[in-house]
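The structure appears right after this line, and notes come after that.
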Amino acid sequence: MAILQKTREKAGLAVSIIIALALLSFIVDPGTLESAFQMMSSKNNVGEINGKAVSYMDFQQDIDNFTTVNEMVTGSSAQNEQQQEQIRNAAWQSLVDRYLFTKKANEAGIRVGEDEMKELLAGDMVSPIIAQNPAFMDENGNFSKTALQNFISSIPQDASGRLKTYWDYIQNTVGTQQYYAKYGSLFNQSNIQNPLMLKRAIAENNNTTNVDFVMVPLGYAQDTTIKVSSAEIKKYYDDHKDMFKQNASRDIEYVVFEVKPSQADINATSESMDKLYEEFSTTEGMKSFLAKNSEMSLDERWYKDGELNVINSDLNAFVFGNATGTSPIIADENTNVFYAGRIMETAQIPDSVYVRHILLRGTDAATKADSLLGVLAKGENFSNLAASFSDYTQSAADGELGSIGWMTQNYMIPGFESVLTAQVGKPYSIKTQYGTHVVEVTKRTAPVTKKQVAILEKTALASGETFNNYYSQASKFAKIAAGSYQNYLAAVDSCGVYSHPMNGVLESTSSYGAIDQAKEVTRWIFDNKVGKVSPIITVNNNFFFVTTVKGIHKEGIATIEEVKDMINQQLYSEKLSVKAAERVAERIKGLNDLQTIADTLHSVVSSGVDVRFASLAGQGLDPMFIGAASVAPEGKICGPVAGAIGTYVFKVNSREMESFFTEDDAKNAATQMSSYNAQMILPVMMQEADVKDHRARFF
């Protein structure tokens, strides 16, 4: 009843807000009201693509669809964080394709028609996406239209809807790829290199300059006579605003208290291991013992020498240095983890086995399995029986129906573990979560010595007393720091802790130093203003954060205040370069010998061989100098040239037209550039459409 009452109260409040907004619409400008609604709803959007807002709910639906596709392709419903990230990226890319790319392609006059799609999906010009899909291949690994038609015809009978989801994904992928192919072809065909351009590229790459030069470094000392005015900074800012685009970010400081077990906690865990050790060494009920007392359950995995090193090298050394027995208790001082290992069984086990099976389902599956084992014992062909009786016909490794292929401990169907110790050529039956299987191992790799090991593992954890002690420290800090940045600094001094500065924190930031999965810290940072100090933010139940916001950088063009120091340095460097060149010009006035100039400037004469204007990068020379040398007259002292790292005075000794850069080289370079340009099509489209990606707010 209390919950119902709260629900009614909240519903009443919501109705009041709706009525208030309705009344407000009579007296407030509709445009203002619309902006307010957009502001309220924008926080629930994961982004905006070509003017289309993408809500969290819509994006999650796409994620669910791509998750289903991933499960069907991989055969596993388990995804680690990296796989989940890949699924989210695929879902986002599909939205970009749908709302932006295909629309831009249509605007360019590109179409993918219905008849064209029919050909690509099931006609004579079937797409490689379908032709190379293992689901549509015959027993010889070749594309089979029959297999494709069987798949399509089975979609209406699939009550789960998974087959339809997968087929929709394939159709969308085929259509999208066709749009990309056509747009790319249009783009590349329009990127023409005419004979004049080709000739110029060859000449620029073959035209080399041999030059002697004197360089005076700008140095690192600050020239206090050079001034950059506020007006100059503003003009540079106004003229180069596109250079100052930025993502939303925050500048922060934070203090973190890590909960670590005390020595008393470590000693208590050690004593607990001592008490369990004798029972661990003798118990016959190892599975239940470990389930009750260990952080590691009984694992039926067969280990070979070296594989236990990932757990503990001392444990590996004991297991493979002894035939039987229980290791002494091993303490890892770096992780505060205690181990003991007991050798349960030793055998000669292959690394991999080649397996085939027949899957049977239904109440009579066990009876059918016994019958098939009897038929196989009389010499019946396994593949023929798989074709006639198996409820899973997708297993056809190497073109043989029923064949799963090579299986290892890392690539194993749950419930099939016994195949590693099974006799070659002797079928038997097993039960798994999928049904009853008639299984046969047809071949295996050479057996090696492997062992099954029971591992008693305990980690020294912080006790409640220790946890409360750290929380008390964090609470004391947070209490002093509350209210303002100045209070935060006072708390740092008072508590004697280190404050971590961190600039440019993005909405996607989830790690702070070596601490991962700290997205709650990021969310607080982006929800608060400059000078605010957070309460204690607990991360992984092991870290207590207190943070403060020092600066806010909004998405878009950075303000002049944010970039004025950078602009000041740029303009100062430019003025310093020009002034240095003027000083050099004054000192060498009237001199016409490069060595004399070098002596006067307290420098040396250096030589640049095969300097090419076509390759500004990678020559280790200042681009300003390369550009000047490429057009300077031969045999004449030139300069000073105001470079980025120094001032140059030089003389071109000679120029040569080589022939090492051929017409084929020029064409290959043009092809590479064309390929690069094609890769930039979508990023440029996204930039022009001002695509906003706010997924980091939610994931």
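How things are named: the first chain in the structure tokens is A, the next is B, and so on; residues count from 1 in each chain; ligands count from 1 in the order shown.
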| message | When DSSP is applied to the backbone of this structure, which of segment 52-134 of chain A are assigned alpha helix (DSSP H)? Write them out as a VMD selection string. | response | chain A and resid 56 to 74 81 to 96 102 to 107 114 to 122 128 to 131
Kindly provide the residues of segment 262-304 of chain A that approach segment 323-330 of chain A to within 9 Å, each paired with its closest atom pair and their distance in Å to one decimal, based on only C-alpha atoms, listed by chain and increasing number, as a tab-separated table.
```
residue	atom	partner	partner_atom	distance
A:Ser270	CA	A:Ile329	CA	8.8
A:Met273	CA	A:Ile329	CA	7.6
A:Asp274	CA	A:Ile329	CA	7.9
A:Tyr277	CA	A:Ile329	CA	7.9
A:Phe280	CA	A:Thr326	CA	8.5
A:Ser281	CA	A:Thr326	CA	6.0
```
Given the selection you just returned, output its residues as a file containing N, CA and C atoms, formatted as a CSV table (one decimal), in the first residue's frame.
```csv
chain,number,residue,atom,x,y,z
A,270,SER,N,45.4,-15.8,6.6
A,270,SER,CA,46.4,-16.9,6.7
A,270,SER,C,46.0,-17.9,7.7
A,273,MET,N,43.4,-20.2,6.3
A,273,MET,CA,44.0,-21.2,5.4
A,273,MET,C,44.6,-22.3,6.2
A,274,ASP,N,45.3,-22.0,7.2
A,274,ASP,CA,45.9,-23.1,8.1
A,274,ASP,C,44.8,-24.0,8.6
A,277,TYR,N,43.5,-26.3,5.7
A,277,TYR,CA,44.5,-27.1,4.9
A,277,TYR,C,44.4,-28.6,5.1
A,280,PHE,N,41.4,-29.9,3.3
A,280,PHE,CA,41.6,-29.8,1.9
A,280,PHE,C,42.5,-30.9,1.4
A,281,SER,N,43.5,-31.3,2.1
A,281,SER,CA,44.4,-32.4,1.7
A,281,SER,C,43.8,-33.7,1.7
```
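Distances from A:Asn89, A:Thr283, A:Ser674, A:Thr647 to Ala581 of chain A were compared using only C-alpha atoms, and the smallest one belongs to A:Thr647.
With only C-alpha atoms taken into account, the protein and nucleic acid residues at most 12 Å from Arg98 of chain A (excluding it and anything under 4 positions from it in its own chain) are Ile49, Asn50, Lys52, Val54, Ala91, Trp92, Gln93, Ser94, Thr102, Lys103, Lys104, Ala105, Asn106, Asn172, Thr173, Gly175, Thr176, Gln177, Tyr179 and Tyr180 of chain A.
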| task | Tell me which protein, DNA and RNA residues are within 9 Å of Ala580 of chain A, counting only C-alpha atoms, leaving out same-chain ones fewer than 3 positions away, and put them as JSON, numbers by chain. | result | {"A": [216, 218, 575, 576, 577, 583, 584, 585, 642, 646, 647]}
| field | Nearby residues (only C-alpha atoms) at most 12 Å from Tyr470 of chain A, same-chain spacing under 5 positions excluded, as number ranges by chain | value | A: 256-262, 462-465, 475-477, 536, 538, 541-545
Restricting it to C-alpha atoms, dump the selection as an mmCIF file, in the first residue's frame.
```
data_model
loop_
_atom_site.group_PDB
_atom_site.id
_atom_site.type_symbol
_atom_site.label_atom_id
_atom_site.label_comp_id
_atom_site.auth_asym_id
_atom_site.auth_seq_id
_atom_site.Cartn_x
_atom_site.Cartn_y
_atom_site.Cartn_z
ATOM 1 C CA VAL A 256 41.029 8.796 -3.694
ATOM 2 C CA PHE A 257 41.138 6.548 -0.655
ATOM 3 C CA GLU A 258 41.852 2.919 -1.586
ATOM 4 C CA VAL A 259 40.571 0.291 0.830
ATOM 5 C CA LYS A 260 43.426 -2.144 1.496
ATOM 6 C CA PRO A 261 43.451 -5.068 3.922
ATOM 7 C CA SER A 262 45.322 -4.367 7.125
ATOM 8 C CA ALA A 462 39.509 -5.625 4.245
ATOM 9 C CA SER A 463 37.438 -6.339 7.322
ATOM 10 C CA GLY A 464 34.447 -4.243 8.239
ATOM 11 C CA GLU A 465 36.634 -2.420 10.719
ATOM 12 C CA SER A 475 34.321 11.212 5.293
ATOM 13 C CA LYS A 476 36.597 13.525 7.280
ATOM 14 C CA PHE A 477 38.130 14.826 4.053
ATOM 15 C CA ILE A 536 32.109 10.495 -1.341
ATOM 16 C CA THR A 538 32.323 4.820 -4.056
ATOM 17 C CA ASN A 541 33.302 -0.890 -3.309
ATOM 18 C CA ASN A 542 37.047 -0.431 -2.910
ATOM 19 C CA PHE A 543 37.811 3.224 -3.705
ATOM 20 C CA PHE A 544 36.388 6.396 -2.172
ATOM 21 C CA PHE A 545 36.613 9.445 -4.450
#
```
| Shell around Met407 of chain A at 9 Å using only C-alpha atoms, local window under 6 positions removed, as number ranges by chain | A: 351-355, 413, 419-420
| request: Could you pull out the residues in segment 503-560 of chain A that DSSP calls strand (DSSP E) from the backbone, as a list in words? | output: Asn503, Gly504, Val505, Leu506, Ile537, Thr538, Val539, Phe543, Phe544, Phe545, Val546, Thr547, Thr548, Val549, Lys550, Gly551, Ile552, His553, Gly556 and Ile557 of chain A
Would you mind exporting C-alpha atoms of the selected residues as a PDB file, in the first residue's frame?
```
ATOM      1  CA  ASN A 503      42.465  18.040 -17.322  1.00  0.00           C
ATOM      2  CA  GLY A 504      40.351  17.259 -20.359  1.00  0.00           C
ATOM      3  CA  VAL A 505      38.091  14.649 -18.750  1.00  0.00           C
ATOM      4  CA  LEU A 506      35.601  13.532 -21.423  1.00  0.00           C
ATOM      5  CA  ILE A 537      31.742   8.538  -4.597  1.00  0.00           C
ATOM      6  CA  THR A 538      32.323   4.820  -4.056  1.00  0.00           C
ATOM      7  CA  VAL A 539      33.902   2.898  -6.960  1.00  0.00           C
ATOM      8  CA  PHE A 543      37.811   3.224  -3.705  1.00  0.00           C
ATOM      9  CA  PHE A 544      36.388   6.396  -2.172  1.00  0.00           C
ATOM     10  CA  PHE A 545      36.613   9.445  -4.450  1.00  0.00           C
ATOM     11  CA  VAL A 546      36.149  13.093  -3.559  1.00  0.00           C
ATOM     12  CA  THR A 547      36.504  15.374  -6.578  1.00  0.00           C
ATOM     13  CA  THR A 548      36.111  19.023  -7.507  1.00  0.00           C
ATOM     14  CA  VAL A 549      35.462  20.735 -10.840  1.00  0.00           C
ATOM     15  CA  LYS A 550      38.069  23.349 -11.779  1.00  0.00           C
ATOM     16  CA  GLY A 551      37.086  24.121 -15.354  1.00  0.00           C
ATOM     17  CA  ILE A 552      34.286  23.454 -17.844  1.00  0.00           C
ATOM     18  CA  HIS A 553      34.894  23.292 -21.583  1.00  0.00           C
ATOM     19  CA  GLY A 556      31.834  23.396 -29.959  1.00  0.00           C
ATOM     20  CA  ILE A 557      34.210  26.311 -30.463  1.00  0.00           C
TER      21      ILE A 557
END
```
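In this model, the gap between atom CA of His240 of chain A and atom CA of Asp622 of chain A comes to 23.1 Å.
Nearest to Phe526 of chain A of all the residues A:Ile560, A:Ala181, A:Ala628, A:Ala248 is A:Ala248, based on only C-alpha atoms.
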| Nearest candidate to Asn293 of chain A (options A:Leu276, A:Met502, A:Val438, A:Ala689; using only C-alpha atoms) | A:Leu276
May I have the residues within 10 Å of Ile430 of chain A as a tab-separated table (two decimals) with N, CA and C atoms, in the first residue's frame, using only C-alpha atoms and disregarding those fewer than 2 positions away in the same chain?
```tsv
chain	number	residue	atom	x	y	z
A	359	LEU	N	22.52	-34.76	-32.76
A	359	LEU	CA	21.73	-34.18	-31.69
A	359	LEU	C	20.31	-34.73	-31.72
A	366	ALA	N	16.95	-40.44	-25.33
A	366	ALA	CA	17.89	-41.43	-24.81
A	366	ALA	C	17.70	-42.78	-25.49
A	369	ALA	N	19.15	-42.62	-28.92
A	369	ALA	CA	20.61	-42.64	-28.87
A	369	ALA	C	21.12	-44.07	-28.73
A	415	GLY	N	29.41	-29.24	-21.83
A	415	GLY	CA	28.91	-30.60	-21.67
A	415	GLY	C	29.67	-31.63	-22.48
A	416	PHE	N	30.54	-31.16	-23.39
A	416	PHE	CA	31.31	-32.06	-24.26
A	416	PHE	C	32.70	-32.37	-23.71
A	418	SER	N	34.04	-34.49	-21.95
A	418	SER	CA	34.50	-35.88	-21.92
A	418	SER	C	35.16	-36.32	-23.22
A	419	VAL	N	34.98	-35.56	-24.30
A	419	VAL	CA	35.57	-35.98	-25.59
A	419	VAL	C	37.09	-35.98	-25.53
A	428	TYR	N	29.63	-42.82	-28.28
A	428	TYR	CA	28.95	-42.95	-27.00
A	428	TYR	C	27.96	-41.79	-26.90
A	432	THR	N	23.56	-32.82	-22.72
A	432	THR	CA	23.94	-31.43	-22.48
A	432	THR	C	22.68	-30.59	-22.37
A	435	GLY	N	20.39	-31.13	-25.43
A	435	GLY	CA	19.70	-32.38	-25.70
A	435	GLY	C	20.63	-33.56	-25.46
A	436	THR	N	20.30	-34.70	-26.09
A	436	THR	CA	21.14	-35.90	-26.01
A	436	THR	C	21.94	-36.01	-27.31
A	437	HIS	N	23.22	-36.28	-27.18
A	437	HIS	CA	24.10	-36.36	-28.34
A	437	HIS	C	24.70	-37.75	-28.46
A	438	VAL	N	24.76	-38.24	-29.69
A	438	VAL	CA	25.60	-39.39	-30.00
A	438	VAL	C	26.92	-38.81	-30.50
A	439	VAL	N	28.01	-39.08	-29.81
A	439	VAL	CA	29.29	-38.42	-30.06
A	439	VAL	C	30.35	-39.44	-30.42
```
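Here the question is which of A:Val605, A:Val530, A:Ala221, A:Ala666 gets nearest to Lys651 of chain A using only C-alpha atoms, and that residue is A:Val605.
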| task | For atom CA of Ile202 of chain A and atom CA of Val649 of chain A, quote the distance in Å rounded to one decimal. | result | 28.5 Å
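Atom CA of Asn44 of chain A is positioned 5.9 Å from atom CA of Tyr56 of chain A.
The closest residue to Leu591 of chain A, picked from A:Ala147, A:Ile110, A:Ala365, A:Ile637 and counting only C-alpha atoms, is A:Ile637.
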